[in-house]
Amino acid sequence: MEERKPILSAKDIEITFSMRGRYLKAIRKCSLDLYEGETLAIVGESGSGKSVFTKSFIGMLDNNGSITGGSIMFEGVDIAKYTKESDWLKIRGKKIAMVFQDPMTSLNPLKTIGEQIREVIELHQGIKGEESKKMAIEMLEKVGITDPANRYKQYPHEFSGGMRQRVVIAIAAACFPKILICDEPTTALDVTIQAQILDLIRNLQKEMGMTVIYITHDLGVVANVADRVAVMYAGELVEVGTAEDIFYDARHPYTWALLSSLPQLGEKGQPLPTIEGTPPNLYNDIVGDAFAPRNKHALRIDFIENPPYFEVSPTHKAKTWLLDPRAPKCEAPKVIQQLRSKMKGR
Amino acid sequence: MLKYSIKRLLESLVTVLIIVVAVFLLMRLMPVEGYFGDEYAKLTQEMINRKLESLGLFDPPLVQLGNFLGDIFTGNLGVSTRIQIDVPVTTILAQKVPVSAAFGVVSTFISLILGIALGVTQARFKGKFMDSLGTGYIIIINSVPPLVYYFFIQVFVSDWFNLPMRYDGDNPVSWILPLISMSLGSIAGNALWVRRYMVDELNKDYIKLARAKGLPYKYIMYRHVLRNAFVPMVQYLPVSFLMTIGGSLLIEELYAIPGMGNLLVQAVQKQDNNLVQVLILIYSTVGIIGVFIGDLLMMVIDPRIKIGSKGGAR
């Protein structure tokens, strides 16, 4: 693997929410390096902390949440230490931008599309008047909106869902951010539009040299776009590796379980595999491996001590005792081993 | 847009016409004493009939209705019979409406400015001290009967600041207390709605995106949240301004302001039929006009409303 410098480096991040006197640890010691120009996908079930983790990169945690440990190094500064809104405003939207799930509600219904793009350009690049209008129209054209000069004057309700998501992406990309975080950008769209939006993001990324983080629970999307994948469970990154590593050489039982639930792998006539049980309650202190109670391959130590990361290869690490040299040999489930051939057969 | 405006205008006209007819019919059910002054008891039946005939009240109902409509369109609203005997209604209104309207418009402005400022502050510092303070004020104003604080202001506040307790048309200082009394309630009302609508807007997704765009909080508050929160309020603005011609019953009474406040009550009590008729017509027509203008304003300010025209996308 080529030697690349991380553009953003999160170390041992802990995020805690206070809820009526009780404390919820949403993120528990997550470390992640983000390399320039790559596409990283963070996957995991609802509530695993994917969104919270990435929101902490732009200081958009809800008011009752805060980073209670660790560091996030970005351009030589530890942004985890930022407390003032004015600090975040130097980064947010300008260097790190975000696209949200639901394009139907993401735009202000009473402002024209043009105004909403122009706002960011004027604020972050200090370009005013006709010049910023021209840039906004160029941006619209860039995200594939036909007749941009006229569309510029229209309101969100005159756009379809897919078109609105294009506009949201235009807003996010308008300031040439270094990092673009896409929080389930295609979940609310129908399948044909999904592919178009993913293509659009990929093209913009290439053109503008952005680094992209996808948050998704759609493994199909992941396979489609990601260079690297981080699997998240109960506020921890349980396995991180290249897309190749995760799909064809997964080591963590949770990743196995996720992959086995792919509908594409289901047998006709058989019920689709699911993961039994529910994620742990994060209000409580978790003893041992958070996934142990749902883990078919759990060892006794999983209930006693939280496993460390074991390095599988320089690009691939997983947080499971199964990788300890002392652990009994445990093979990935059959379906997973056949993943490559199964996917090809389709 | 033009089509919608015309449609709404015609609808309003029809509503006004229905009210005119309803008022006309109801007034025919009133005792005829209302058309006479205090001399009624002394009049003979013949004299009464002669007067009623001269008023056209023995004509067939449809002819009467026609005459009534004709009179309204020519601006002939008749004379008052019991409150200010034989004085044209228009003259009475010309004296009283400007006083009430002046107080009302100024107080509406004050309460809009202060009410919105309070509501915005509450929304900006939601859950913090300023918010609780404002909520406390709103609760007190809404739960204490107005007469209590009206009296308090008239008796104590006038004493503390050495302000007059009675209205004097030539002395602007005497206008202060009634204006304050009049505004307190509507400040609370406006603040409540502004805060409520702003908090509604604040929780919407587009605010999340606006924040992710890196827009400063203050900018988002004023340029996105307040602007959008204002839309549902705009509809009621024209009505609240126009309805000020009705005056405030309690306050005009307390400060002896010669406004419209108790005119309708008096007219009903004394059975001044003609005056009642005119007042009801004016109040309801003004209300309808207000709603009409409100709808037009809504249409101008909210691009999603384009009823009756091309019928926007989606």
# chains A, B, ... in the order shown; residues from 1 in each chain; ligands from 1
>>> closest_atom_pairs(of="chain A", to="chain B", cutoff="6 Å", atoms="only C-alpha atoms", output="CSV")
residue,atom,partner,partner_atom,distance
A:Leu89,CA,B:Gly214,CA,5.2
A:Arg92,CA,B:Gly214,CA,4.7
A:Gly93,CA,B:Lys213,CA,4.2
A:Thr105,CA,B:Asp205,CA,5.6
A:Ser106,CA,B:Tyr206,CA,4.1
A:Leu107,CA,B:Tyr206,CA,4.8
A:Asn108,CA,B:Tyr206,CA,5.4
A:Glu158,CA,B:Ala313,CA,5.1
>>> residues_around(residues="Lys7 (chain B)", least_positions_apart="3", cutoff="12 Å", atoms="only C-alpha atoms", output="ChimeraX atom specification")
/B:1-4,10-14,292,295-296,307-309
>>> residues_around(residues="region 177-190 of chain A", least_positions_apart="4", cutoff="10 Å", atoms="only C-alpha atoms", output="JSON, numbers by chain")
{"A": [7, 8, 34, 36, 37, 38, 39, 40, 41, 42, 50, 51, 54, 55, 57, 58, 91, 92, 93, 94, 95, 96, 97, 98, 99, 100, 101, 102, 103, 104, 161, 162, 165, 168, 169, 172, 173, 194, 195, 196, 197, 198, 201, 205, 208, 209, 210, 211, 212, 213, 214, 215, 216, 217, 218, 221]}
>>> closest_residue(among="A:Ala327, A:Cys175, A:Val335, A:Ile193", to="Ala298 (chain A)", atoms="only C-alpha atoms")
A:Ala327
>>> closest_residue(among="B:Val194, B:Ile289, B:Arg82, B:Ile141", to="Leu263 (chain B)", atoms="only C-alpha atoms")
B:Arg82
>>> residues_around(residues="Leu147 (chain B)", least_positions_apart="6", cutoff="10 Å", atoms="only C-alpha atoms", output="JSON, numbers by chain")
{"B": [153, 181, 250, 251, 254]}
>>> closest_residue(among="B:Val239, B:Val234, B:Gly261, B:Thr74", to="Val300 (chain B)", atoms="only C-alpha atoms")
B:Val234
>>> atom_distance(atom1="CA of Ser5 (chain B)", atom2="CA of Gln235 (chain B)")
14.6 Å
>>> residues_around(residues="Glu138 (chain A)", least_positions_apart="6", cutoff="12 Å", atoms="only C-alpha atoms", output="mmCIF file with N, CA and C atoms, in the first residue's frame")
data_model
loop_
_atom_site.group_PDB
_atom_site.id
_atom_site.type_symbol
_atom_site.label_atom_id
_atom_site.label_comp_id
_atom_site.auth_asym_id
_atom_site.auth_seq_id
_atom_site.Cartn_x
_atom_site.Cartn_y
_atom_site.Cartn_z
ATOM 1 N N GLY A 114 -31.091 29.197 -5.665
ATOM 2 C CA GLY A 114 -29.936 30.058 -5.892
ATOM 3 C C GLY A 114 -29.444 30.709 -4.618
ATOM 4 N N ILE A 117 -27.533 28.401 -2.332
ATOM 5 C CA ILE A 117 -26.159 28.063 -2.717
ATOM 6 C C ILE A 117 -25.263 29.285 -2.530
ATOM 7 N N ARG A 118 -25.807 30.419 -2.929
ATOM 8 C CA ARG A 118 -25.041 31.662 -2.875
ATOM 9 C C ARG A 118 -24.588 32.005 -1.459
ATOM 10 N N ILE A 121 -21.345 30.443 -0.646
ATOM 11 C CA ILE A 121 -20.245 31.010 -1.422
ATOM 12 C C ILE A 121 -19.871 32.378 -0.870
ATOM 13 N N GLU A 131 -20.877 37.912 -9.262
ATOM 14 C CA GLU A 131 -19.853 36.876 -9.303
ATOM 15 C C GLU A 131 -20.312 35.617 -8.573
ATOM 16 N N SER A 132 -20.909 35.816 -7.387
ATOM 17 C CA SER A 132 -21.335 34.649 -6.610
ATOM 18 C C SER A 132 -22.522 33.974 -7.283
ATOM 19 N N GLY A 144 -25.272 18.560 -12.435
ATOM 20 C CA GLY A 144 -26.141 17.930 -13.419
ATOM 21 C C GLY A 144 -27.561 18.447 -13.451
ATOM 22 N N ILE A 145 -27.728 19.714 -13.148
ATOM 23 C CA ILE A 145 -29.072 20.274 -13.260
ATOM 24 C C ILE A 145 -29.167 21.031 -14.571
ATOM 25 N N THR A 146 -30.114 20.619 -15.396
ATOM 26 C CA THR A 146 -30.233 21.237 -16.710
ATOM 27 C C THR A 146 -30.894 22.608 -16.582
ATOM 28 N N ASP A 147 -30.571 23.487 -17.491
ATOM 29 C CA ASP A 147 -31.101 24.843 -17.496
ATOM 30 C C ASP A 147 -30.846 25.551 -16.158
ATOM 31 N N PRO A 148 -29.590 25.536 -15.682
ATOM 32 C CA PRO A 148 -29.306 26.027 -14.323
ATOM 33 C C PRO A 148 -29.707 27.489 -14.105
ATOM 34 N N ALA A 149 -29.589 28.329 -15.140
ATOM 35 C CA ALA A 149 -29.883 29.749 -14.933
ATOM 36 C C ALA A 149 -31.338 29.952 -14.526
ATOM 37 N N ARG A 151 -33.319 27.384 -13.226
ATOM 38 C CA ARG A 151 -33.544 26.623 -11.995
ATOM 39 C C ARG A 151 -33.053 27.408 -10.780
ATOM 40 N N TYR A 152 -32.045 28.222 -10.994
ATOM 41 C CA TYR A 152 -31.483 29.058 -9.933
ATOM 42 C C TYR A 152 -32.558 29.861 -9.219
ATOM 43 N N VAL A 167 -28.964 19.443 -5.452
ATOM 44 C CA VAL A 167 -28.771 20.807 -4.964
ATOM 45 C C VAL A 167 -28.026 20.794 -3.634
ATOM 46 N N ALA A 170 -24.582 20.259 -4.306
ATOM 47 C CA ALA A 170 -23.979 21.484 -4.849
ATOM 48 C C ALA A 170 -23.630 22.443 -3.719
ATOM 49 N N ILE A 171 -24.528 22.554 -2.732
ATOM 50 C CA ILE A 171 -24.263 23.438 -1.594
ATOM 51 C C ILE A 171 -23.027 22.954 -0.847
ATOM 52 N N ALA A 173 -20.599 21.128 -1.918
ATOM 53 C CA ALA A 173 -19.357 21.174 -2.684
ATOM 54 C C ALA A 173 -18.971 22.596 -3.081
ATOM 55 N N ALA A 174 -19.885 23.552 -2.838
ATOM 56 C CA ALA A 174 -19.684 24.915 -3.350
ATOM 57 C C ALA A 174 -18.400 25.555 -2.835
#
>>> closest_residue(among="B:Ala191, B:Val173, B:Leu249, B:Ile180", to="Asp131 (chain B)", atoms="only C-alpha atoms")
B:Ala191
>>> select_by_dssp(residues="region 194-272 of chain B", states="alpha helix (DSSP H)", output="ChimeraX atom specification")
/B:194-202,205-212,217-219,227-234,237-242,249-254,263-269
>>> atom_distance(atom1="CA of Asp289 (chain A)", atom2="CA of Phe303 (chain A)")
6.1 Å
>>> select_by_dssp(residues="region 131-219 of chain A", states="strand (DSSP E)", output="JSON, numbers by chain")
{"A": [179, 180, 181, 182, 183, 211, 212, 213, 214, 215, 216]}
>>> write_last_selection(atoms="C-alpha atoms", output="PDB file, in the first residue's frame")
ATOM      1  CA  ILE A 179     -13.815  16.325   3.321  1.00  0.00           C
ATOM      2  CA  LEU A 180     -17.407  15.562   2.370  1.00  0.00           C
ATOM      3  CA  ILE A 181     -19.455  13.567   4.848  1.00  0.00           C
ATOM      4  CA  CYS A 182     -22.502  11.912   3.290  1.00  0.00           C
ATOM      5  CA  ASP A 183     -24.943  10.743   5.944  1.00  0.00           C
ATOM      6  CA  THR A 211     -12.124  12.861   0.640  1.00  0.00           C
ATOM      7  CA  VAL A 212     -15.538  11.310   1.136  1.00  0.00           C
ATOM      8  CA  ILE A 213     -17.028   9.566   4.141  1.00  0.00           C
ATOM      9  CA  TYR A 214     -20.217   7.607   3.564  1.00  0.00           C
ATOM     10  CA  ILE A 215     -22.414   6.701   6.472  1.00  0.00           C
ATOM     11  CA  THR A 216     -24.751   3.933   5.461  1.00  0.00           C
TER      12      THR A 216
END
>>> atom_distance(atom1="CA of Gln337 (chain A)", atom2="CA of Trp256 (chain A)")
9.8 Å
>>> residues_around(residues="Ser260 (chain A)", least_positions_apart="3", cutoff="8 Å", atoms="only C-alpha atoms", output="mmCIF file with N, CA and C atoms, in the first residue's frame")
data_model
loop_
_atom_site.group_PDB
_atom_site.id
_atom_site.type_symbol
_atom_site.label_atom_id
_atom_site.label_comp_id
_atom_site.auth_asym_id
_atom_site.auth_seq_id
_atom_site.Cartn_x
_atom_site.Cartn_y
_atom_site.Cartn_z
ATOM 1 N N TRP A 256 -19.246 -10.604 10.051
ATOM 2 C CA TRP A 256 -19.799 -11.823 9.455
ATOM 3 C C TRP A 256 -21.318 -11.779 9.483
ATOM 4 N N ALA A 257 -21.826 -11.416 10.662
ATOM 5 C CA ALA A 257 -23.284 -11.406 10.823
ATOM 6 C C ALA A 257 -23.922 -10.400 9.868
ATOM 7 N N LEU A 265 -27.574 -12.876 -0.456
ATOM 8 C CA LEU A 265 -27.027 -14.190 -0.126
ATOM 9 C C LEU A 265 -28.094 -15.169 0.333
ATOM 10 N N PRO A 273 -31.329 -14.513 6.889
ATOM 11 C CA PRO A 273 -30.657 -14.524 8.193
ATOM 12 C C PRO A 273 -30.726 -13.148 8.859
ATOM 13 N N THR A 274 -30.892 -13.133 10.153
ATOM 14 C CA THR A 274 -30.881 -11.868 10.891
ATOM 15 C C THR A 274 -29.919 -12.014 12.055
ATOM 16 N N VAL A 335 -21.288 -19.066 4.092
ATOM 17 C CA VAL A 335 -21.795 -18.076 3.136
ATOM 18 C C VAL A 335 -20.784 -16.989 2.856
ATOM 19 N N ILE A 336 -20.072 -16.598 3.933
ATOM 20 C CA ILE A 336 -19.130 -15.502 3.787
ATOM 21 C C ILE A 336 -17.951 -15.942 2.933
#
>>> decode(residues="region 183-223 of chain A", atoms="N, CA and C atoms", output="short mmCIF file (atom, residue, chain, number, x, y, z; two decimals), in the first residue's frame")
data_model
loop_
_atom_site.label_atom_id
_atom_site.label_comp_id
_atom_site.auth_asym_id
_atom_site.auth_seq_id
_atom_site.Cartn_x
_atom_site.Cartn_y
_atom_site.Cartn_z
N ASP A 183 -24.19 11.52 4.96
CA ASP A 183 -24.94 10.74 5.94
C ASP A 183 -26.15 10.11 5.26
N GLU A 184 -26.01 8.88 4.87
CA GLU A 184 -27.05 8.15 4.15
C GLU A 184 -27.65 8.98 3.02
N PRO A 185 -26.83 9.36 2.04
CA PRO A 185 -27.28 10.32 1.04
C PRO A 185 -28.34 9.75 0.10
N THR A 186 -28.46 8.43 0.05
CA THR A 186 -29.37 7.86 -0.95
C THR A 186 -30.54 7.10 -0.32
N THR A 187 -30.58 7.07 1.02
CA THR A 187 -31.59 6.25 1.68
C THR A 187 -33.01 6.66 1.31
N ALA A 188 -33.22 7.98 1.14
CA ALA A 188 -34.59 8.46 0.91
C ALA A 188 -34.95 8.47 -0.58
N LEU A 189 -34.02 8.00 -1.41
CA LEU A 189 -34.27 8.10 -2.85
C LEU A 189 -34.56 6.73 -3.45
N ASP A 190 -35.24 6.71 -4.59
CA ASP A 190 -35.49 5.40 -5.18
C ASP A 190 -34.24 4.90 -5.91
N VAL A 191 -34.23 3.60 -6.19
CA VAL A 191 -32.99 2.93 -6.56
C VAL A 191 -32.33 3.51 -7.81
N THR A 192 -33.12 3.86 -8.81
CA THR A 192 -32.50 4.37 -10.03
C THR A 192 -31.80 5.69 -9.77
N ILE A 193 -32.40 6.52 -8.90
CA ILE A 193 -31.79 7.81 -8.58
C ILE A 193 -30.55 7.60 -7.72
N GLN A 194 -30.61 6.59 -6.83
CA GLN A 194 -29.47 6.30 -5.95
C GLN A 194 -28.17 6.20 -6.73
N ALA A 195 -28.20 5.39 -7.79
CA ALA A 195 -26.98 5.18 -8.56
C ALA A 195 -26.49 6.49 -9.16
N GLN A 196 -27.43 7.32 -9.64
CA GLN A 196 -27.04 8.61 -10.23
C GLN A 196 -26.35 9.49 -9.20
N ILE A 197 -26.92 9.51 -7.99
CA ILE A 197 -26.35 10.38 -6.95
C ILE A 197 -24.96 9.88 -6.56
N LEU A 198 -24.82 8.56 -6.44
CA LEU A 198 -23.50 8.02 -6.09
C LEU A 198 -22.48 8.36 -7.17
N ASP A 199 -22.90 8.25 -8.44
CA ASP A 199 -22.01 8.62 -9.54
C ASP A 199 -21.60 10.08 -9.44
N LEU A 200 -22.60 10.91 -9.14
CA LEU A 200 -22.34 12.35 -9.05
C LEU A 200 -21.30 12.64 -7.98
N ILE A 201 -21.49 12.02 -6.81
CA ILE A 201 -20.54 12.26 -5.72
C ILE A 201 -19.15 11.78 -6.13
N ARG A 202 -19.11 10.61 -6.79
CA ARG A 202 -17.83 10.07 -7.21
C ARG A 202 -17.13 11.01 -8.20
N ASN A 203 -17.89 11.54 -9.16
CA ASN A 203 -17.29 12.44 -10.14
C ASN A 203 -16.78 13.72 -9.51
N LEU A 204 -17.61 14.28 -8.61
CA LEU A 204 -17.18 15.51 -7.93
C LEU A 204 -15.91 15.25 -7.14
N GLN A 205 -15.89 14.07 -6.48
CA GLN A 205 -14.73 13.73 -5.67
C GLN A 205 -13.47 13.70 -6.52
N LYS A 206 -13.58 13.10 -7.70
CA LYS A 206 -12.43 13.00 -8.59
C LYS A 206 -12.01 14.39 -9.04
N GLU A 207 -13.01 15.17 -9.45
CA GLU A 207 -12.74 16.49 -10.02
C GLU A 207 -12.13 17.43 -8.99
N MET A 208 -12.66 17.38 -7.76
CA MET A 208 -12.26 18.36 -6.77
C MET A 208 -11.28 17.80 -5.75
N GLY A 209 -10.94 16.52 -5.90
CA GLY A 209 -9.98 15.92 -4.99
C GLY A 209 -10.45 15.86 -3.54
N MET A 210 -11.75 15.60 -3.36
CA MET A 210 -12.27 15.54 -2.00
C MET A 210 -12.04 14.16 -1.40
N THR A 211 -12.08 14.12 -0.08
CA THR A 211 -12.12 12.86 0.64
C THR A 211 -13.58 12.68 1.06
N VAL A 212 -14.11 11.49 0.86
CA VAL A 212 -15.54 11.31 1.14
C VAL A 212 -15.75 10.25 2.20
N ILE A 213 -16.61 10.57 3.16
CA ILE A 213 -17.03 9.57 4.14
C ILE A 213 -18.50 9.26 3.88
N TYR A 214 -18.81 8.01 3.68
CA TYR A 214 -20.22 7.61 3.56
C TYR A 214 -20.66 6.99 4.88
N ILE A 215 -21.82 7.40 5.34
CA ILE A 215 -22.41 6.70 6.47
C ILE A 215 -23.60 5.96 5.89
N THR A 216 -23.67 4.67 6.10
CA THR A 216 -24.75 3.93 5.46
C THR A 216 -24.96 2.61 6.15
N HIS A 217 -26.14 2.03 6.01
CA HIS A 217 -26.24 0.62 6.38
C HIS A 217 -26.58 -0.22 5.16
N ASP A 218 -26.37 0.38 4.01
CA ASP A 218 -26.60 -0.35 2.77
C ASP A 218 -25.27 -0.88 2.26
N LEU A 219 -25.02 -2.17 2.47
CA LEU A 219 -23.72 -2.73 2.07
C LEU A 219 -23.56 -2.72 0.56
N GLY A 220 -24.70 -2.67 -0.15
CA GLY A 220 -24.62 -2.56 -1.61
C GLY A 220 -23.93 -1.27 -2.01
N VAL A 221 -24.31 -0.18 -1.34
CA VAL A 221 -23.68 1.11 -1.61
C VAL A 221 -22.19 1.03 -1.30
N VAL A 222 -21.89 0.40 -0.15
CA VAL A 222 -20.49 0.30 0.28
C VAL A 222 -19.65 -0.39 -0.79
N ALA A 223 -20.14 -1.54 -1.24
CA ALA A 223 -19.41 -2.30 -2.24
C ALA A 223 -19.18 -1.47 -3.49
#
